[in-house]
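J.: Sharing input_39.txt here; it has compact mmCIF, C-alpha atoms.
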# COMPACT_ATOMS: atom_id res chain seq x y z
CA MET A 1 17.89 18.92 42.75
CA ILE A 2 14.27 17.94 42.26
CA SER A 3 12.88 14.52 43.04
CA ILE A 4 10.36 12.56 41.00
CA LYS A 5 7.83 13.09 43.80
CA GLN A 6 8.32 16.87 43.84
CA ALA A 7 8.23 17.07 40.06
CA LEU A 8 4.85 15.32 40.08
CA ILE A 9 3.46 17.66 42.73
CA GLU A 10 4.50 20.72 40.75
CA ALA A 11 3.29 19.26 37.45
CA SER A 12 -0.12 18.33 38.88
CA SER A 13 -0.55 21.82 40.32
CA PHE A 14 0.41 23.41 36.99
CA LEU A 15 -2.04 21.29 34.99
CA ARG A 16 -4.80 21.88 37.53
CA GLU A 17 -4.30 25.65 37.30
CA ASN A 18 -4.66 25.36 33.55
CA GLY A 19 -7.99 23.60 33.76
CA LEU A 20 -7.18 19.97 33.03
CA SER A 21 -9.70 17.58 34.53
CA SER A 22 -7.26 14.83 35.60
CA PRO A 23 -4.03 16.71 36.38
CA ARG A 24 -2.41 14.09 38.61
CA ASP A 25 -3.09 11.22 36.21
CA GLU A 26 -1.75 13.16 33.24
CA ALA A 27 1.31 14.35 35.16
CA GLU A 28 2.12 10.75 36.08
CA LEU A 29 1.48 9.35 32.60
CA LEU A 30 3.69 11.96 30.95
CA LEU A 31 6.55 11.44 33.39
CA ALA A 32 6.29 7.66 33.16
CA PHE A 33 6.43 8.02 29.38
CA LEU A 34 9.59 10.14 29.57
CA LEU A 35 11.24 7.76 32.02
CA LYS A 36 10.11 4.74 29.95
CA LYS A 37 8.75 3.17 33.11
CA GLY A 38 5.37 2.13 34.49
CA ARG A 39 3.47 4.44 36.84
CA LEU A 40 4.30 2.22 39.84
CA TYR A 41 7.94 3.13 39.32
CA LEU A 42 7.11 6.73 40.18
CA TYR A 43 5.85 5.73 43.61
CA ALA A 44 8.58 3.20 44.33
CA HIS A 45 11.31 5.69 43.36
CA GLY A 46 9.70 8.98 44.30
CA GLU A 47 12.80 10.22 46.15
CA ASN A 48 15.07 9.66 43.14
CA GLU A 49 16.37 12.75 41.42
CA LEU A 50 14.81 13.60 38.08
CA PRO A 51 17.67 14.09 35.59
CA LEU A 52 18.15 17.65 34.38
CA ASN A 53 17.58 16.83 30.69
CA LEU A 54 14.30 15.09 31.50
CA ARG A 55 13.22 18.00 33.72
CA GLU A 56 13.40 20.34 30.75
CA GLU A 57 11.65 17.88 28.44
CA TYR A 58 8.95 17.34 31.06
CA ARG A 59 8.43 21.08 31.39
CA LYS A 60 7.98 21.44 27.63
CA MET A 61 5.48 18.60 27.47
CA LEU A 62 3.48 20.02 30.38
CA PHE A 63 3.32 23.40 28.70
CA ARG A 64 2.14 21.88 25.42
CA ARG A 65 -0.52 19.91 27.29
CA SER A 66 -1.67 23.04 29.13
CA GLU A 67 -2.12 24.67 25.72
CA GLY A 68 -4.57 21.94 24.76
CA GLU A 69 -2.33 19.72 22.66
CA PRO A 70 -3.83 16.22 22.63
CA PHE A 71 -2.14 13.84 25.04
CA ALA A 72 -1.64 11.32 22.23
CA TYR A 73 0.34 13.87 20.19
CA LEU A 74 2.74 14.26 23.11
CA THR A 75 3.39 10.55 23.50
CA GLY A 76 2.94 9.65 19.83
CA LYS A 77 0.72 6.69 20.72
CA LYS A 78 -2.93 5.85 21.34
CA GLU A 79 -4.40 2.52 22.39
CA PHE A 80 -7.32 1.23 20.33
CA MET A 81 -8.88 -2.24 20.58
CA GLY A 82 -5.99 -3.29 22.80
CA LEU A 83 -3.44 -2.32 20.14
CA SER A 84 -0.96 0.56 20.32
CA PHE A 85 -1.29 2.90 17.32
CA LEU A 86 1.21 5.57 16.38
CA VAL A 87 -0.38 9.01 16.08
CA GLU A 88 0.98 12.47 15.37
CA GLU A 89 -0.07 16.03 14.77
CA GLY A 90 -2.22 16.38 11.67
CA VAL A 91 -3.91 12.99 12.08
CA LEU A 92 -7.14 12.35 14.01
CA VAL A 93 -6.66 10.64 17.37
CA PRO A 94 -8.64 7.35 17.63
CA ARG A 95 -11.63 7.57 20.00
CA PRO A 96 -12.79 4.87 22.42
CA GLU A 97 -16.34 5.08 21.02
CA THR A 98 -15.05 3.99 17.60
CA GLU A 99 -14.24 0.62 19.16
CA HIS A 100 -17.99 -0.02 19.12
CA LEU A 101 -17.85 0.05 15.32
CA VAL A 102 -15.07 -2.56 15.21
CA GLU A 103 -16.81 -4.77 17.78
CA THR A 104 -20.17 -4.57 16.00
CA ALA A 105 -18.58 -5.21 12.61
CA LEU A 106 -16.87 -8.32 13.97
CA GLU A 107 -20.19 -9.55 15.37
CA TRP A 108 -21.98 -9.01 12.06
CA ILE A 109 -19.17 -10.72 10.13
CA SER A 110 -19.40 -13.79 12.37
CA LEU A 111 -23.15 -13.99 11.63
CA LEU A 112 -23.21 -13.03 7.96
CA PHE A 113 -19.92 -14.61 6.90
CA PRO A 114 -19.29 -17.49 9.34
CA GLN A 115 -16.99 -19.11 6.78
CA SER A 116 -14.65 -16.08 6.86
CA ARG A 117 -12.68 -17.54 9.76
CA ASP A 118 -12.26 -20.81 7.87
CA GLY A 119 -10.61 -19.56 4.72
CA LYS A 120 -12.96 -17.25 2.79
CA THR A 121 -11.27 -13.97 1.99
CA LEU A 122 -13.43 -11.02 2.95
CA ARG A 123 -12.92 -7.67 1.25
CA ILE A 124 -13.44 -4.78 3.66
CA LEU A 125 -13.24 -1.04 2.93
CA ASP A 126 -12.54 1.66 5.51
CA LEU A 127 -13.53 5.11 4.25
CA GLY A 128 -11.61 7.87 6.02
CA THR A 129 -9.04 5.55 7.55
CA GLY A 130 -6.92 8.14 9.38
CA CYS A 131 -4.09 6.42 11.25
CA GLY A 132 -5.58 3.08 10.19
CA ASN A 133 -7.11 2.12 13.52
CA LEU A 134 -10.29 0.68 11.97
CA ALA A 135 -8.66 -1.13 9.05
CA VAL A 136 -5.69 -2.45 11.00
CA SER A 137 -7.83 -3.63 13.93
CA LEU A 138 -10.16 -5.52 11.61
CA ALA A 139 -7.23 -7.03 9.72
CA TYR A 140 -5.65 -8.05 13.03
CA HIS A 141 -8.82 -9.84 14.19
CA LEU A 142 -9.70 -11.31 10.78
CA PRO A 143 -6.61 -13.14 9.49
CA ASN A 144 -8.33 -14.08 6.21
CA ALA A 145 -9.60 -10.59 5.38
CA PHE A 146 -8.22 -8.07 2.90
CA LEU A 147 -8.61 -4.42 3.94
CA ALA A 148 -8.56 -1.27 1.84
CA GLY A 149 -8.30 2.14 3.49
CA VAL A 150 -9.11 5.47 1.85
CA ASP A 151 -8.19 8.91 3.13
CA ILE A 152 -7.75 12.33 1.59
CA SER A 153 -4.67 12.96 3.76
CA ALA A 154 -1.39 11.57 2.46
CA LYS A 155 0.13 12.16 5.90
CA ALA A 156 -2.53 10.02 7.55
CA LEU A 157 -1.98 7.23 5.04
CA GLN A 158 1.77 7.22 5.66
CA LEU A 159 1.07 6.71 9.35
CA ALA A 160 -1.59 4.08 8.61
CA LEU A 161 0.93 2.10 6.57
CA ILE A 162 3.41 2.19 9.45
CA ASN A 163 0.72 0.99 11.85
CA ALA A 164 -0.21 -1.87 9.51
CA ARG A 165 3.45 -2.86 9.39
CA ARG A 166 3.77 -2.71 13.19
CA MET A 167 0.76 -5.02 13.61
CA ASP A 168 2.10 -7.40 10.94
CA VAL A 169 -0.92 -7.00 8.63
CA GLU A 170 0.78 -4.89 5.96
CA GLU A 171 0.41 -7.59 3.27
CA ARG A 172 -3.37 -7.60 3.72
CA VAL A 173 -3.98 -3.85 3.82
CA ALA A 174 -3.90 -1.46 0.86
CA TYR A 175 -4.29 2.31 1.13
CA TYR A 176 -5.58 4.79 -1.45
CA CYS A 177 -5.28 8.56 -1.26
CA GLY A 178 -8.29 10.54 -2.37
CA ASP A 179 -11.83 11.66 -1.62
CA PHE A 180 -14.01 8.68 -0.70
CA TRP A 181 -15.01 6.58 -3.73
CA ASN A 182 -12.91 8.64 -6.13
CA ALA A 183 -9.76 7.20 -4.56
CA LEU A 184 -10.50 3.60 -5.55
CA PRO A 185 -8.55 2.34 -8.59
CA GLU A 186 -11.48 0.78 -10.50
CA ASP A 187 -15.16 1.51 -10.98
CA ASP A 188 -16.10 -2.09 -10.21
CA TYR A 189 -14.04 -2.32 -7.02
CA ARG A 190 -16.46 -4.10 -4.69
CA PHE A 191 -16.42 -5.14 -1.03
CA ASP A 192 -18.28 -7.42 1.36
CA VAL A 193 -18.09 -4.86 4.16
CA VAL A 194 -17.75 -1.06 4.24
CA VAL A 195 -17.06 0.80 7.49
CA SER A 196 -16.46 4.46 8.14
CA ASN A 197 -15.93 6.98 10.91
CA PRO A 198 -16.28 10.08 8.72
CA PRO A 199 -16.23 13.77 9.68
CA TYR A 200 -19.61 14.47 11.30
CA ILE A 201 -19.36 17.65 13.36
CA PRO A 202 -21.56 20.51 12.04
CA ARG A 203 -19.27 23.25 10.80
CA LEU A 204 -20.58 26.00 13.08
CA GLU A 205 -20.03 23.81 16.16
CA ILE A 206 -16.31 23.33 15.58
CA PRO A 207 -15.29 26.67 17.18
CA LEU A 208 -17.23 25.58 20.29
CA LEU A 209 -15.20 22.40 20.74
CA SER A 210 -12.43 22.06 23.29
CA SER A 211 -9.05 23.51 22.40
CA GLU A 212 -7.73 19.94 22.40
CA VAL A 213 -10.11 18.78 19.67
CA GLN A 214 -9.55 21.94 17.66
CA LYS A 215 -5.85 21.05 17.39
CA GLU A 216 -6.80 17.98 15.38
CA PRO A 217 -7.14 18.21 11.57
CA ARG A 218 -10.26 20.15 10.60
CA GLN A 219 -10.88 18.02 7.52
CA ALA A 220 -11.30 15.00 9.83
CA LEU A 221 -13.92 16.86 11.89
CA ASP A 222 -15.91 19.11 9.55
CA GLY A 223 -19.08 17.39 8.36
CA GLY A 224 -20.49 20.42 6.55
CA VAL A 225 -23.34 22.68 7.58
CA ASP A 226 -25.45 19.91 9.13
CA GLY A 227 -22.65 17.40 9.77
CA LEU A 228 -24.01 14.95 7.18
CA ASP A 229 -22.02 15.76 4.03
CA ALA A 230 -19.74 12.73 4.33
CA TYR A 231 -22.69 10.36 4.76
CA ARG A 232 -24.32 11.70 1.60
CA GLU A 233 -21.10 10.95 -0.27
CA ILE A 234 -20.88 7.46 1.23
CA PHE A 235 -24.47 6.63 0.26
CA ARG A 236 -23.89 8.09 -3.22
CA GLY A 237 -21.52 5.26 -4.10
CA ILE A 238 -22.33 2.49 -1.65
CA LYS A 239 -24.54 0.34 -3.90
CA LYS A 240 -21.92 0.38 -6.61
CA HIS A 241 -19.20 -0.87 -4.27
CA LEU A 242 -20.97 -3.12 -1.74
CA ARG A 243 -21.66 -6.74 -2.59
CA SER A 244 -24.79 -8.61 -1.55
CA PRO A 245 -24.87 -10.07 1.01
CA GLY A 246 -22.85 -7.39 2.73
CA PHE A 247 -23.14 -4.57 5.21
CA LEU A 248 -22.31 -0.96 5.87
CA GLY A 249 -21.25 0.22 9.35
CA LEU A 250 -21.08 3.91 10.25
CA GLU A 251 -20.09 5.88 13.30
CA VAL A 252 -22.36 8.91 13.73
CA GLY A 253 -22.53 12.02 15.87
CA GLU A 254 -24.96 12.64 18.69
CA GLY A 255 -28.49 13.10 17.38
CA GLN A 256 -27.62 11.98 13.83
CA ALA A 257 -28.57 8.30 13.89
CA GLN A 258 -32.19 8.68 12.76
CA ASN A 259 -31.16 10.90 9.83
CA ILE A 260 -28.60 8.30 8.77
CA VAL A 261 -31.17 5.51 9.03
CA ALA A 262 -33.52 7.53 6.83
CA MET A 263 -30.77 8.01 4.22
CA GLY A 264 -30.11 4.28 4.11
CA CYS A 265 -33.77 3.31 3.95
CA ARG A 266 -34.34 5.65 1.00
CA LEU A 267 -31.69 3.60 -0.84
CA GLY A 268 -33.44 0.36 0.04
CA PHE A 269 -31.22 -0.68 2.96
CA VAL A 270 -34.13 -2.17 4.88
CA ASN A 271 -33.09 -5.83 5.13
CA LYS A 272 -31.58 -5.25 8.58
CA VAL A 273 -30.83 -1.99 10.37
CA GLU A 274 -29.25 -1.74 13.82
CA ILE A 275 -28.38 1.23 16.01
CA VAL A 276 -25.75 0.69 18.70
CA ARG A 277 -25.38 3.01 21.67
CA ASP A 278 -22.01 3.87 23.21
CA TYR A 279 -21.21 3.68 26.93
CA ALA A 280 -22.71 7.14 27.42
CA GLY A 281 -26.01 5.97 25.96
CA ILE A 282 -25.56 7.95 22.73
CA GLU A 283 -26.71 6.36 19.46
CA ARG A 284 -23.23 5.99 18.02
CA ILE A 285 -23.18 3.23 15.38
CA VAL A 286 -25.62 2.58 12.53
CA MET A 287 -25.45 -0.74 10.65
CA PHE A 288 -27.16 -1.63 7.37
CA GLN A 289 -27.32 -5.04 5.67
CA ILE A 290 -27.80 -5.27 1.92
Render the structure in this file as structure tokens.
T.:
Amino acid sequence: MISIKQALIEASSFLRENGLSSPRDEAELLLAFLLKKGRLYLYAHGENELPLNLREEYRKMLFRRSEGEPFAYLTGKKEFMGLSFLVEEGVLVPRPETEHLVETALEWISLLFPQSRDGKTLRILDLGTGCGNLAVSLAYHLPNAFLAGVDISAKALQLALINARRMDVEERVAYYCGDFWNALPEDDYRFDVVVSNPPYIPRLEIPLLSSEVQKEPRQALDGGVDGLDAYREIFRGIKKHLRSPGFLGLEVGEGQAQNIVAMGCRLGFVNKVEIVRDYAGIERIVMFQI
């Protein structure tokens, strides 16, 4: 027999020995997930026996976590903008810093399109939609908006469609499989807003990333030699697909913001440019108004 309390002690020790930074928290979160209970339950029922079948499942999950598998892949869920998104292996896990892009986009929409909350249908494009966290979150907060999401991964788009259905925005979100602009069905497909969290990690830096990040899909990470390939592709087609007035919002990697601003300014995006820092003080979001 092993109690919940003892199982947590052993699990925390195991994760600590394998270098995880928050072993106790992760041990508790994984066990609470398996038990389908809140973390407080673990303390209130610490002397209860942990069922044998769950012991084995817990052991497997702990081993996978010790090997660097993302926590979200183990639970199949990741919270983003207060919403619970389904995630799975082969699809990029939503990051907290990407919430800054949603929040800033919503602020710009309220200023540039104040009528959008009173009936005007906004057309918004999410390039590199992944599990749909950007598109679905914007659709959830903008009940009159129509969202289109593009991704090169059919697997990601299948998951994005499920997430749109779970958040009850499926009728206002369309997904297209392909490489950036080439995925759109028509040459004159135009939008009021374009947002993107594209791959932006320089290729030679990927082997230096944590084992956890390296288990995520490389195509969602690899930004080319200098990390800027995806931005070049976005700027290549942006004027053709962005209406005026409208805006482009981009998440960028550390140290990339000024290069992205320069790219936009060369195209004439000088009406309004804003750089937003994340909670770590990193220049994380670049916004352009056309």
J.: So which one's closest to Arg59 in chain A, A:Val276, A:Leu101, A:Leu8, A:Leu42? Using all atoms listed in the file, please.
T.: A:Leu8
J.: One number please: CA of Ile238 in chain A to CA of Phe80 in chain A, in Å, one decimal.
T.: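 It comes out at 26.6 Å.
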J.: Please measure the separation of CA of Pro245 in chain A and CA of Cys131 in chain A, giving the value in Å to one decimal.
T.: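 Value for the CA of Pro245 in chain A-CA of Cys131 in chain A distance: 28.4 Å.
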J.: Do you have the CA of Glu216 in chain A-CA of Gly90 in chain A distance handy?
T.: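 It comes out at 6.1 Å.
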J.: Taking all atoms listed in the file into account, which of A:Thr104, A:Asn133, A:Ser110, A:Ser211 comes nearest Ile275 in chain A?
T.: A:Thr104
J.: Edge lengths and centre, in Å to one decimal, as lines of an AutoDock Vina configuration file: that's what I need for the box along x, y and z that holds all listed atoms of range 94-105 of chain A plus 6 Å on each side.
T.:
center_x = -14.4
center_y = 1.2
center_z = 17.5
size_x = 23.5
size_y = 24.8
size_z = 21.8
J.: I want to know what sits within 10 Å of Arg166 in chain A, based on only C-alpha atoms, with residues of the same chain fewer than 3 positions away left out; could you give that as a PyMOL selection string?
T.: chain A and resi 84-86+136+160-163+169-170
J.: What are the nearest atom pairs, with distances in Å to one decimal, for all residues of range 140-246 of chain A that come at most 8 Å from range 253-262 of chain A, using only C-alpha atoms, set out by chain and rising residue number as JSON lines?
T.:
{"residue": "A:Tyr200", "atom": "CA", "partner": "A:Gly253", "partner_atom": "CA", "distance": 6.0}
{"residue": "A:Ile201", "atom": "CA", "partner": "A:Gly253", "partner_atom": "CA", "distance": 6.9}
{"residue": "A:Tyr231", "atom": "CA", "partner": "A:Ile260", "partner_atom": "CA", "distance": 7.4}
J.: For range 230-268 of chain A against range 177-187 of chain A, with a cut-off of 9 Å and counting all atoms listed in the file, what is the closest atom pair and its distance in Å to one decimal for every residue that makes the cut, ordered by chain and number, as JSON lines?
T.:
{"residue": "A:Ala230", "atom": "CA", "partner": "A:Phe180", "partner_atom": "CA", "distance": 8.6}
{"residue": "A:Glu233", "atom": "CA", "partner": "A:Phe180", "partner_atom": "CA", "distance": 7.5}
{"residue": "A:Ile234", "atom": "CA", "partner": "A:Phe180", "partner_atom": "CA", "distance": 7.2}
{"residue": "A:Gly237", "atom": "CA", "partner": "A:Trp181", "partner_atom": "CA", "distance": 6.7}
{"residue": "A:Ile238", "atom": "CA", "partner": "A:Trp181", "partner_atom": "CA", "distance": 8.6}
{"residue": "A:Lys240", "atom": "CA", "partner": "A:Asp187", "partner_atom": "CA", "distance": 8.1}
{"residue": "A:His241", "atom": "CA", "partner": "A:Asp187", "partner_atom": "CA", "distance": 8.2}
J.: Pick out the closest residue to Leu92 in chain A from this set: A:Asn144, A:Thr129, A:Asn18, A:Gln289. Count only C-alpha atoms.
T.: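 Among the listed residues, A:Thr129 lies closest to Leu92 in chain A.
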J.: Select, from A:Gly246, A:Pro114, A:Pro198, A:Gly132, the residue with the minimum atom-to-atom distance to Leu159 in chain A, counting all atoms listed in the file.
T.: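 Checking each of A:Gly246, A:Pro114, A:Pro198, A:Gly132 against Leu159 in chain A, counting all atoms listed in the file, the winner is A:Gly132.
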J.: With only C-alpha atoms as the basis for distance, which of A:Ser244, A:Gly128, A:Ile285, A:Arg190 is at the shortest distance from Asn271 in chain A?
T.: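 Closest to Asn271 in chain A of all the choices is A:Ser244.
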J.: Can you tell me, as a list in words, what residues are no more than 7 Å from Glu251 in chain A when counting all atoms listed in the file, ignoring any on the same chain fewer than 5 positions away?
T.: Thr98, Leu101, Ser196, Asn197, Arg284, Ile285 and Val286 of chain A
J.: Between A:Leu30, A:Leu157, A:Ala145, A:Ile124, which has the minimum distance to Leu242 in chain A (counting all atoms listed in the file)?
T.: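 Among the listed residues, the smallest separation from Leu242 in chain A belongs to A:Ile124.
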J.: Fewer than 6 positions away in the same chain doesn't count, so skip those; otherwise give me all residues within 10 Å of Arg65 in chain A, counting all atoms listed in the file, as a PDB file with C-alpha atoms, in the frame of the given file.
T.:
ATOM      1  CA  LEU A  15      -2.040  21.290  34.990  1.00  0.00           C
ATOM      2  CA  ASN A  18      -4.660  25.360  33.550  1.00  0.00           C
ATOM      3  CA  LEU A  20      -7.180  19.970  33.030  1.00  0.00           C
ATOM      4  CA  GLU A  26      -1.750  13.160  33.240  1.00  0.00           C
ATOM      5  CA  ALA A  27       1.310  14.350  35.160  1.00  0.00           C
ATOM      6  CA  LEU A  30       3.690  11.960  30.950  1.00  0.00           C
ATOM      7  CA  ARG A  59       8.430  21.080  31.390  1.00  0.00           C
ATOM      8  CA  PHE A  71      -2.140  13.840  25.040  1.00  0.00           C
ATOM      9  CA  TYR A  73       0.340  13.870  20.190  1.00  0.00           C
ATOM     10  CA  LEU A  74       2.740  14.260  23.110  1.00  0.00           C
ATOM     11  CA  GLU A 212      -7.730  19.940  22.400  1.00  0.00           C
TER      12      GLU A 212
END
